[in-house]
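Source file: final16.cif; contents: mmCIF, C-alpha atoms.
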data_coords
loop_
_atom_site.label_atom_id
_atom_site.label_comp_id
_atom_site.auth_asym_id
_atom_site.auth_seq_id
_atom_site.Cartn_x
_atom_site.Cartn_y
_atom_site.Cartn_z
CA MET A 177 54.67 -4.42 -17.21
CA SER A 178 51.86 -2.52 -18.86
CA GLU A 179 50.60 -5.40 -20.98
CA PRO A 180 49.74 -8.48 -18.94
CA LEU A 181 52.00 -11.47 -19.42
CA VAL A 182 50.07 -14.56 -20.44
CA PHE A 183 51.04 -18.21 -20.05
CA ARG A 184 48.84 -20.90 -21.62
CA PHE A 185 48.82 -24.62 -20.96
CA ASP A 186 46.95 -27.70 -22.15
CA VAL A 187 46.23 -29.97 -19.21
CA ASP A 188 46.44 -33.58 -20.36
CA GLY A 189 43.51 -35.55 -19.00
CA ASP A 190 44.94 -38.99 -19.66
CA ASP A 191 48.22 -38.79 -17.87
CA PHE A 192 47.72 -38.54 -14.15
CA THR A 193 51.42 -38.83 -13.44
CA SER A 194 52.23 -35.65 -15.32
CA ALA A 195 49.50 -33.64 -13.59
CA GLY A 196 51.04 -30.61 -11.97
CA GLN A 197 53.41 -29.82 -14.81
CA ALA A 198 51.64 -26.58 -15.70
CA SER A 199 51.64 -25.46 -12.05
CA VAL A 200 55.33 -26.23 -11.63
CA GLN A 201 56.08 -24.30 -14.83
CA VAL A 202 54.02 -21.33 -13.59
CA LYS A 203 55.93 -21.42 -10.33
CA LYS A 204 59.21 -21.19 -12.25
CA ASN A 205 57.92 -18.34 -14.44
CA LEU A 206 56.67 -16.33 -11.47
CA ARG A 207 59.97 -16.84 -9.68
CA GLN A 208 61.77 -15.42 -12.72
CA LEU A 209 59.45 -12.42 -12.59
CA GLY A 210 60.61 -11.84 -9.01
CA LEU A 211 57.23 -12.12 -7.27
CA LEU A 212 57.19 -12.66 -3.50
CA PRO A 213 57.56 -16.33 -2.48
CA GLU A 214 54.25 -16.30 -0.59
CA ILE A 215 52.39 -15.05 -3.68
CA ILE A 216 54.08 -17.68 -5.84
CA ARG A 217 53.16 -20.40 -3.33
CA ARG A 218 49.52 -19.34 -3.26
CA VAL A 219 49.22 -19.14 -7.04
CA SER A 220 50.89 -22.46 -7.67
CA ILE A 221 48.89 -24.34 -5.02
CA ALA A 222 45.57 -22.90 -6.23
CA MET A 223 46.47 -23.75 -9.79
CA TYR A 224 47.66 -27.27 -8.96
CA GLU A 225 44.38 -28.10 -7.25
CA GLY A 226 42.53 -26.85 -10.31
CA GLU A 227 44.78 -28.81 -12.60
CA ILE A 228 44.26 -32.01 -10.58
CA ASN A 229 40.50 -31.45 -10.63
CA MET A 230 40.53 -31.16 -14.41
CA VAL A 231 42.47 -34.43 -14.69
CA ILE A 232 40.30 -36.32 -12.18
CA HIS A 233 36.89 -35.09 -13.26
CA ALA A 234 37.01 -33.52 -16.71
CA GLY A 235 39.52 -35.41 -18.85
CA GLY A 236 41.80 -32.38 -18.93
CA GLY A 237 41.29 -28.84 -20.09
CA LYS A 238 42.99 -25.51 -20.62
CA ALA A 239 44.78 -23.27 -18.17
CA GLU A 240 45.76 -19.66 -18.63
CA VAL A 241 47.73 -17.50 -16.24
CA GLN A 242 47.84 -13.72 -16.65
CA VAL A 243 50.23 -11.54 -14.71
CA ASP A 244 49.88 -7.77 -14.53
CA ASN A 245 50.92 -5.10 -12.04
CA GLU A 246 47.96 -5.76 -9.76
CA CYS A 247 47.41 -9.47 -9.68
CA VAL A 248 47.92 -12.96 -11.03
CA THR A 249 44.78 -14.32 -12.69
CA ILE A 250 44.33 -18.05 -13.21
CA ILE A 251 41.68 -19.18 -15.68
CA LEU A 252 40.85 -22.88 -15.84
CA GLU A 253 38.40 -24.17 -18.42
CA ASP A 254 37.24 -27.69 -19.15
CA LYS A 255 34.55 -29.49 -21.11
CA GLY A 256 33.89 -32.02 -18.36
CA PRO A 257 30.62 -33.05 -16.73
CA GLY A 258 30.20 -29.81 -14.79
CA ILE A 259 29.53 -29.39 -11.06
CA LYS A 260 25.96 -30.21 -9.99
CA ASN A 261 26.02 -28.44 -6.67
CA ILE A 262 28.80 -25.88 -6.30
CA GLU A 263 27.97 -25.09 -2.67
CA GLN A 264 28.33 -28.77 -1.75
CA ALA A 265 31.53 -29.12 -3.79
CA MET A 266 33.02 -26.19 -1.87
CA GLN A 267 32.66 -28.00 1.46
CA GLU A 268 35.84 -29.48 2.89
CA GLY A 269 35.71 -33.26 2.71
CA PHE A 270 33.09 -33.52 -0.02
CA SER A 271 34.43 -35.49 -2.98
CA THR A 272 33.15 -37.48 -5.93
CA ALA A 273 36.62 -38.78 -6.86
CA PRO A 274 36.79 -42.52 -7.63
CA ASP A 275 38.67 -44.99 -5.39
CA ALA A 276 41.61 -45.31 -7.79
CA ILE A 277 42.25 -41.59 -7.39
CA ARG A 278 41.91 -41.80 -3.62
CA SER A 279 44.56 -44.50 -3.47
CA LEU A 280 46.98 -41.98 -5.00
CA GLY A 281 46.31 -39.62 -2.10
CA PHE A 282 43.80 -37.35 -3.83
CA GLY A 283 40.05 -37.06 -3.47
CA ALA A 284 40.14 -35.73 0.08
CA GLY A 285 37.59 -33.10 -0.83
CA MET A 286 40.09 -30.30 -0.29
CA GLY A 287 40.63 -29.17 -3.88
CA LEU A 288 38.07 -26.40 -4.27
CA PRO A 289 38.37 -25.28 -0.60
CA ASN A 290 42.14 -24.97 -1.07
CA MET A 291 41.64 -22.98 -4.26
CA LYS A 292 39.39 -20.58 -2.38
CA ARG A 293 41.75 -20.40 0.60
CA TYR A 294 44.78 -19.56 -1.50
CA SER A 295 43.18 -17.06 -3.88
CA ASP A 296 41.83 -13.60 -3.06
CA GLU A 297 38.92 -13.95 -5.46
CA MET A 298 37.39 -17.04 -7.00
CA ASN A 299 34.55 -17.38 -9.42
CA ILE A 300 33.09 -20.68 -10.61
CA SER A 301 30.73 -21.02 -13.52
CA SER A 302 29.63 -24.51 -14.38
CA VAL A 303 26.99 -26.05 -16.59
CA VAL A 304 26.18 -29.72 -16.10
CA GLY A 305 27.02 -31.62 -19.25
CA GLU A 306 28.99 -28.74 -20.77
CA GLY A 307 31.90 -27.89 -18.52
CA THR A 308 33.37 -25.67 -15.84
CA LYS A 309 35.24 -22.39 -15.86
CA ILE A 310 37.07 -21.15 -12.79
CA VAL A 311 38.72 -17.75 -12.49
CA MET A 312 40.98 -17.09 -9.51
CA LYS A 313 42.85 -13.92 -8.65
CA VAL A 314 45.79 -13.51 -6.32
CA PHE A 315 46.63 -9.87 -5.68
CA ILE A 316 50.28 -8.93 -5.81
CA ARG A 317 49.82 -5.74 -3.77
CA MET B 171 68.73 -28.73 11.42
CA THR B 172 69.59 -29.14 7.74
CA VAL B 173 68.43 -31.95 5.52
CA ARG B 174 71.99 -33.27 5.35
CA GLN B 175 72.25 -33.35 9.16
CA LEU B 176 69.07 -35.41 9.30
CA THR B 177 70.52 -37.98 6.90
CA GLU B 178 73.54 -38.32 9.21
CA ILE B 179 71.32 -39.59 12.03
CA GLN B 180 71.29 -43.37 12.32
CA GLY B 181 68.32 -44.94 10.57
CA PHE B 182 67.86 -42.18 7.98
CA SER B 183 69.06 -42.69 4.40
CA PRO B 184 69.31 -40.10 1.67
CA VAL B 185 67.34 -41.09 -1.44
CA VAL B 186 67.73 -37.80 -3.30
CA LEU B 187 69.73 -34.91 -1.85
CA ALA B 188 69.10 -32.11 -4.32
CA ASP B 189 69.53 -29.28 -1.83
CA PRO B 190 71.23 -30.79 1.25
CA GLU B 191 71.86 -27.52 3.09
CA ARG B 192 68.17 -26.67 3.17
CA GLU B 193 67.05 -25.86 6.72
CA ILE B 194 64.17 -27.82 8.25
CA LYS B 195 62.04 -25.37 10.21
CA ASN B 196 59.04 -27.49 11.14
CA VAL B 197 57.27 -30.78 10.51
CA TYR B 198 54.10 -31.80 8.73
CA ILE B 199 52.71 -35.34 8.71
CA GLY B 200 50.08 -36.47 6.21
CA ASP B 201 49.22 -38.69 3.26
CA LEU B 202 46.22 -36.98 1.68
CA LEU B 203 47.92 -34.82 -0.88
CA SER B 204 45.39 -31.99 -1.06
CA TRP B 205 45.33 -31.86 2.70
CA VAL B 206 49.12 -31.59 2.76
CA MET B 207 48.98 -29.00 0.01
CA GLY B 208 46.62 -26.89 2.05
CA LYS B 209 48.30 -27.20 5.41
CA ALA B 210 52.03 -27.89 5.04
CA GLN B 211 54.20 -24.82 5.36
CA GLN B 212 57.26 -23.76 3.46
CA ASP B 213 60.45 -25.34 4.91
CA ASP B 214 58.55 -28.15 6.67
CA ALA B 215 59.93 -31.66 6.68
CA TRP B 216 56.98 -33.58 5.24
CA ILE B 217 56.59 -37.10 6.63
CA THR B 218 54.46 -39.45 4.53
CA ILE B 219 53.99 -43.04 3.43
CA MET B 220 52.88 -41.99 -0.07
CA SER B 221 55.52 -42.47 -2.72
CA ASN B 222 53.87 -41.85 -6.08
CA VAL B 223 55.09 -39.15 -8.43
CA ASN B 224 52.40 -36.67 -7.36
CA VAL B 225 54.15 -36.41 -3.98
CA LEU B 226 56.97 -34.61 -5.78
CA ALA B 227 54.62 -32.06 -7.34
CA VAL B 228 53.09 -31.36 -3.93
CA ALA B 229 56.52 -31.05 -2.28
CA THR B 230 57.65 -28.66 -5.03
CA LEU B 231 54.55 -26.48 -4.92
CA ALA B 232 54.19 -26.40 -1.13
CA ASP B 233 57.97 -25.78 -1.02
CA THR B 234 58.71 -28.22 1.77
CA ALA B 235 62.35 -28.67 2.86
CA CYS B 236 62.26 -32.43 2.26
CA VAL B 237 60.03 -35.47 1.96
CA ILE B 238 60.65 -38.14 4.60
CA LEU B 239 59.33 -41.55 3.60
CA ALA B 240 58.34 -43.35 6.81
CA GLU B 241 57.88 -47.03 7.69
CA GLY B 242 60.40 -48.29 5.14
CA VAL B 243 58.53 -46.96 2.09
CA LEU B 244 60.77 -46.76 -0.99
CA LEU B 245 60.69 -44.76 -4.21
CA ASP B 246 60.41 -46.42 -7.62
CA ALA B 247 63.38 -45.72 -9.89
CA ASP B 248 61.36 -43.47 -12.22
CA VAL B 249 59.97 -41.43 -9.31
CA LYS B 250 63.49 -41.08 -7.92
CA LEU B 251 64.66 -39.78 -11.28
CA THR B 252 61.84 -37.23 -11.30
CA ALA B 253 62.81 -36.11 -7.78
CA GLU B 254 66.36 -35.52 -9.02
CA GLN B 255 65.07 -33.55 -11.98
CA LYS B 256 62.72 -31.45 -9.86
CA GLY B 257 65.29 -30.92 -7.13
CA VAL B 258 63.22 -32.47 -4.33
CA ASN B 259 65.05 -33.76 -1.24
CA VAL B 260 63.83 -37.26 -0.31
CA ILE B 261 64.92 -39.25 2.76
CA SER B 262 63.81 -42.73 3.76
CA THR B 263 63.67 -44.45 7.11
CA ASP B 264 62.10 -47.50 8.75
CA LYS B 265 60.89 -45.34 11.66
CA SER B 266 57.26 -44.38 12.14
CA ALA B 267 56.02 -40.84 11.58
CA TYR B 268 55.80 -40.38 15.36
CA GLU B 269 59.39 -41.51 15.94
CA ILE B 270 60.65 -39.23 13.17
CA ALA B 271 58.70 -36.27 14.55
CA LYS B 272 60.18 -36.85 18.03
CA ILE B 273 63.72 -36.81 16.60
CA LEU B 274 63.05 -33.61 14.64
CA ALA B 275 61.40 -31.93 17.60
CA LYS B 276 64.39 -32.71 19.79
CA ALA B 277 66.86 -31.50 17.15
CA ASN B 278 65.02 -28.19 16.77
CA GLU B 279 64.78 -27.50 20.52
#

Could you quickly redo this structure as structure tokens?
Amino acid sequence: MSEPLVFRFDVDGDDFTSAGQASVQVKKNLRQLGLLPEIIRRVSIAMYEGEINMVIHAGGGKAEVQVDNECVTIILEDKGPGIKNIEQAMQEGFSTAPDAIRSLGFGAGMGLPNMKRYSDEMNISSVVGEGTKIVMKVFIR
Amino acid sequence: MTVRQLTEIQGFSPVVLADPEREIKNVYIGDLLSWVMGKAQQDDAWITIMSNVNVLAVATLADTACVILAEGVLLDADVKLTAEQKGVNVISTDKSAYEIAKILAKANE
């Protein structure tokens, strides 16, 4: 592949039960491309956490996945409230998720740490009141 | 041990057997989904008391061998349907997570 392959998704912020659809679709697409299972697992977990975050905190957003010869790049963009303190948000166990979300088994404060753990590079840019953009890369080689 | 073999043990019932010959290599126990997502390994039997639809997404993405619902937890009909569609193995039992883990540990000795 010389041109990167691009998959785009709208993440629905209202429907918590369908959260994860984009990640599951990406997993299928990457499997069809014949990537190694461990790479696919890392990409889909990192993306799922991002997707869930957009549903919990930002009322949804947009996800884009690019695949080229070197890496898989996941770009997540939302127009949510932004992250006040990124360093704090990156700590395992820190969460601002409401109780209703916790009762579903989320809000353990593992989302961003998992995204960092499963990607090779992660970059967060966030402006309070405007939104958040996260770019993650998982290298294929 | 395969997922099918586990369902043949007394006290375990198949809820959805999408891929019955899948081998169970290890066990992970947990109910916080992001925690499970971060720590469960491929081919684990995942023991949980959570039964909402997001469990299926986590099982699919973490690529666990099966979900074992402990303590008599059941799946709603619509979640069961989604498990069938997504091809997620789900087993239910009245046993506690500890009892299930002991059985799996013995079987994998």

Counting only C-alpha atoms, which residues from chain A have an atom at most 10 Å from any atom of chain B, and could you show them as a compact mmCIF listing (two decimals) with C-alpha atoms, in the coordinates of the input?
# COMPACT_ATOMS: atom_id res chain seq x y z
CA PHE A 192 47.72 -38.54 -14.15
CA THR A 193 51.42 -38.83 -13.44
CA SER A 194 52.23 -35.65 -15.32
CA ALA A 195 49.50 -33.64 -13.59
CA GLY A 196 51.04 -30.61 -11.97
CA GLN A 197 53.41 -29.82 -14.81
CA SER A 199 51.64 -25.46 -12.05
CA VAL A 200 55.33 -26.23 -11.63
CA LYS A 203 55.93 -21.42 -10.33
CA PRO A 213 57.56 -16.33 -2.48
CA GLU A 214 54.25 -16.30 -0.59
CA ILE A 216 54.08 -17.68 -5.84
CA ARG A 217 53.16 -20.40 -3.33
CA ARG A 218 49.52 -19.34 -3.26
CA VAL A 219 49.22 -19.14 -7.04
CA SER A 220 50.89 -22.46 -7.67
CA ILE A 221 48.89 -24.34 -5.02
CA ALA A 222 45.57 -22.90 -6.23
CA MET A 223 46.47 -23.75 -9.79
CA TYR A 224 47.66 -27.27 -8.96
CA GLU A 225 44.38 -28.10 -7.25
CA ILE A 228 44.26 -32.01 -10.58
CA GLU A 268 35.84 -29.48 2.89
CA GLY A 269 35.71 -33.26 2.71
CA ARG A 278 41.91 -41.80 -3.62
CA SER A 279 44.56 -44.50 -3.47
CA LEU A 280 46.98 -41.98 -5.00
CA GLY A 281 46.31 -39.62 -2.10
CA PHE A 282 43.80 -37.35 -3.83
CA GLY A 283 40.05 -37.06 -3.47
CA ALA A 284 40.14 -35.73 0.08
CA GLY A 285 37.59 -33.10 -0.83
CA MET A 286 40.09 -30.30 -0.29
CA GLY A 287 40.63 -29.17 -3.88
CA LEU A 288 38.07 -26.40 -4.27
CA PRO A 289 38.37 -25.28 -0.60
CA ASN A 290 42.14 -24.97 -1.07
CA MET A 291 41.64 -22.98 -4.26
CA ARG A 293 41.75 -20.40 0.60
CA TYR A 294 44.78 -19.56 -1.50

Interatomic distance (Å, one decimal) between atom CA of Asp213 of chain B and atom CA of Pro190 of chain B: 12.6 Å

For atom CA of Asp190 of chain A and atom CA of Val231 of chain A, the interatomic separation in Å (one decimal):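 If I compute the distance from atom CA of Asp190 of chain A to atom CA of Val231 of chain A, I get 7.2 Å.
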
Picked residues, the PyMOL selection byres ((chain A and resi 181) around 6), expected as a list in words: Pro180, Val182, Gln242 and Val243 of chain A

Selected residue of minimal separation from Gly237 of chain A among A:Leu211, A:Gln201, A:Met298, A:Ile251, counting all atoms listed in the file: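 Ranking A:Leu211, A:Gln201, A:Met298, A:Ile251 by distance to Gly237 of chain A, first place goes to A:Ile251.
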
Residues matched by the PyMOL selection byres ((chain B and resi 174-186) around 8) as a list in words: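 This file gives the following for the PyMOL selection byres ((chain B and resi 174-186) around 8): Met171, Thr172, Val173, Leu187, Ala188, Pro190, Glu191, Arg192, Lys250, Ala253, Glu254, Val258, Asn259, Val260, Ile261, Ser262, Thr263, Asp264 and Lys265 of chain B.
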
Interatomic distance, atom CA of Glu193 of chain B to atom CA of Ser295 of chain A (Å, one decimal): 27.6 Å

Residue nearest Val303 of chain A among A:Asn205, A:Asn245, A:Asn229, A:Asn261 (counting all atoms listed in the file): A:Asn261

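Comparing the minimum interatomic distances between His233 of chain A and each of A:Lys255, A:Lys313, A:Arg207, A:Lys292, counting all atoms listed in the file, we find that A:Lys255 sits nearest.
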
For Ala275 of chain B, the nearest of the candidates B:Thr234, B:Thr218, B:Gln255, B:Asn196, counting only C-alpha atoms: B:Asn196

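Each of A:Phe270, A:Asp296, A:Asp188, A:Val304 was checked against Ile316 of chain A using all atoms listed in the file; the smallest atom-to-atom distance is that of A:Asp296.
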
Counting all atoms listed in the file, the residue of A:Asp186, A:Glu246, A:Glu227, A:Glu263 that sits nearest Arg317 of chain A: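 Looking only at the distances to Arg317 of chain A, the closest residue turns out to be A:Glu246.
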
Near-Lys238 of chain A list (7 Å; all atoms listed in the file; drop same-chain fewer than 5 positions) as a count of residues only: 6

At most 12 Å from (28.7, -30.0, -20.8), file frame, only C-alpha atoms: which residues, as a CSV table (one decimal) with C-alpha atoms, keeping the file's coordinate frame?
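In the end it all went to out-v6.csv:
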chain,number,residue,atom,x,y,z
A,234,ALA,CA,37.0,-33.5,-16.7
A,253,GLU,CA,38.4,-24.2,-18.4
A,254,ASP,CA,37.2,-27.7,-19.2
A,255,LYS,CA,34.6,-29.5,-21.1
A,256,GLY,CA,33.9,-32.0,-18.4
A,257,PRO,CA,30.6,-33.0,-16.7
A,258,GLY,CA,30.2,-29.8,-14.8
A,259,ILE,CA,29.5,-29.4,-11.1
A,260,LYS,CA,26.0,-30.2,-10.0
A,301,SER,CA,30.7,-21.0,-13.5
A,302,SER,CA,29.6,-24.5,-14.4
A,303,VAL,CA,27.0,-26.0,-16.6
A,304,VAL,CA,26.2,-29.7,-16.1
A,305,GLY,CA,27.0,-31.6,-19.2
A,306,GLU,CA,29.0,-28.7,-20.8
A,307,GLY,CA,31.9,-27.9,-18.5
A,308,THR,CA,33.4,-25.7,-15.8
A,309,LYS,CA,35.2,-22.4,-15.9

Spatial neighbours of Ala271 of chain B, max dist 10 Å, all atoms listed in the file, sep filter under 2 positions, as a VMD selection string: chain B and resid 196 to 199 215 to 217 265 to 269 273 to 277

Completion of segment 186-208 of chain B up to N, CA, C and O atoms, as a CSV table (one decimal), in the frame of the given file:
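So the final result, stored in out17.csv, reads:
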chain,number,residue,atom,x,y,z
B,186,VAL,N,67.3,-38.9,-2.4
B,186,VAL,CA,67.7,-37.8,-3.3
B,186,VAL,C,68.1,-36.6,-2.4
B,186,VAL,O,67.3,-36.1,-1.7
B,187,LEU,N,69.3,-36.1,-2.6
B,187,LEU,CA,69.7,-34.9,-1.8
B,187,LEU,C,70.0,-33.8,-2.9
B,187,LEU,O,71.1,-33.6,-3.3
B,188,ALA,N,69.0,-33.1,-3.3
B,188,ALA,CA,69.1,-32.1,-4.3
B,188,ALA,C,69.6,-30.8,-3.7
B,188,ALA,O,70.3,-30.0,-4.4
B,189,ASP,N,69.2,-30.6,-2.5
B,189,ASP,CA,69.5,-29.3,-1.8
B,189,ASP,C,69.8,-29.6,-0.3
B,189,ASP,O,69.0,-29.3,0.5
B,190,PRO,N,71.0,-30.2,-0.1
B,190,PRO,CA,71.2,-30.8,1.2
B,190,PRO,C,71.3,-29.8,2.4
B,190,PRO,O,71.1,-30.1,3.5
B,191,GLU,N,71.7,-28.5,2.0
B,191,GLU,CA,71.9,-27.5,3.1
B,191,GLU,C,70.6,-26.8,3.4
B,191,GLU,O,70.5,-25.9,4.2
B,192,ARG,N,69.5,-27.3,2.9
B,192,ARG,CA,68.2,-26.7,3.2
B,192,ARG,C,67.8,-26.9,4.6
B,192,ARG,O,67.9,-28.0,5.2
B,193,GLU,N,67.4,-25.8,5.3
B,193,GLU,CA,67.0,-25.9,6.7
B,193,GLU,C,65.6,-26.4,6.9
B,193,GLU,O,64.7,-26.0,6.2
B,194,ILE,N,65.5,-27.3,7.9
B,194,ILE,CA,64.2,-27.8,8.2
B,194,ILE,C,63.7,-27.0,9.4
B,194,ILE,O,64.3,-26.9,10.5
B,195,LYS,N,62.5,-26.3,9.2
B,195,LYS,CA,62.0,-25.4,10.2
B,195,LYS,C,60.9,-26.0,11.1
B,195,LYS,O,60.7,-25.7,12.2
B,196,ASN,N,60.2,-26.9,10.4
B,196,ASN,CA,59.0,-27.5,11.1
B,196,ASN,C,58.7,-28.8,10.5
B,196,ASN,O,59.4,-29.3,9.6
B,197,VAL,N,57.6,-29.4,11.0
B,197,VAL,CA,57.3,-30.8,10.5
B,197,VAL,C,55.8,-30.8,10.1
B,197,VAL,O,55.0,-30.2,10.8
B,198,TYR,N,55.5,-31.5,9.0
B,198,TYR,CA,54.1,-31.8,8.7
B,198,TYR,C,54.0,-33.3,8.4
B,198,TYR,O,54.8,-33.8,7.7
B,199,ILE,N,52.9,-33.9,8.9
B,199,ILE,CA,52.7,-35.3,8.7
B,199,ILE,C,51.4,-35.5,8.0
B,199,ILE,O,50.3,-35.0,8.5
B,200,GLY,N,51.4,-36.2,6.9
B,200,GLY,CA,50.1,-36.5,6.2
B,200,GLY,C,50.2,-37.2,4.9
B,200,GLY,O,51.3,-37.2,4.3
B,201,ASP,N,49.2,-37.9,4.5
B,201,ASP,CA,49.2,-38.7,3.3
B,201,ASP,C,48.2,-38.3,2.2
B,201,ASP,O,48.3,-38.6,1.1
B,202,LEU,N,47.2,-37.5,2.6
B,202,LEU,CA,46.2,-37.0,1.7
B,202,LEU,C,46.8,-35.7,1.0
B,202,LEU,O,47.0,-34.7,1.7
B,203,LEU,N,47.1,-35.8,-0.2
B,203,LEU,CA,47.9,-34.8,-0.9
B,203,LEU,C,47.3,-33.4,-0.9
B,203,LEU,O,48.0,-32.4,-0.6
B,204,SER,N,46.0,-33.3,-1.1
B,204,SER,CA,45.4,-32.0,-1.1
B,204,SER,C,45.4,-31.4,0.3
B,204,SER,O,45.5,-30.2,0.5
B,205,TRP,N,45.3,-32.3,1.3
B,205,TRP,CA,45.3,-31.9,2.7
B,205,TRP,C,46.7,-31.3,3.0
B,205,TRP,O,46.9,-30.2,3.6
B,206,VAL,N,47.7,-32.0,2.6
B,206,VAL,CA,49.1,-31.6,2.8
B,206,VAL,C,49.3,-30.3,2.0
B,206,VAL,O,49.9,-29.3,2.6
B,207,MET,N,48.8,-30.2,0.8
B,207,MET,CA,49.0,-29.0,0.0
B,207,MET,C,48.4,-27.8,0.7
B,207,MET,O,49.0,-26.7,0.7
B,208,GLY,N,47.3,-28.0,1.4
B,208,GLY,CA,46.6,-26.9,2.0
B,208,GLY,C,47.2,-26.5,3.4
B,208,GLY,O,47.1,-25.4,3.8
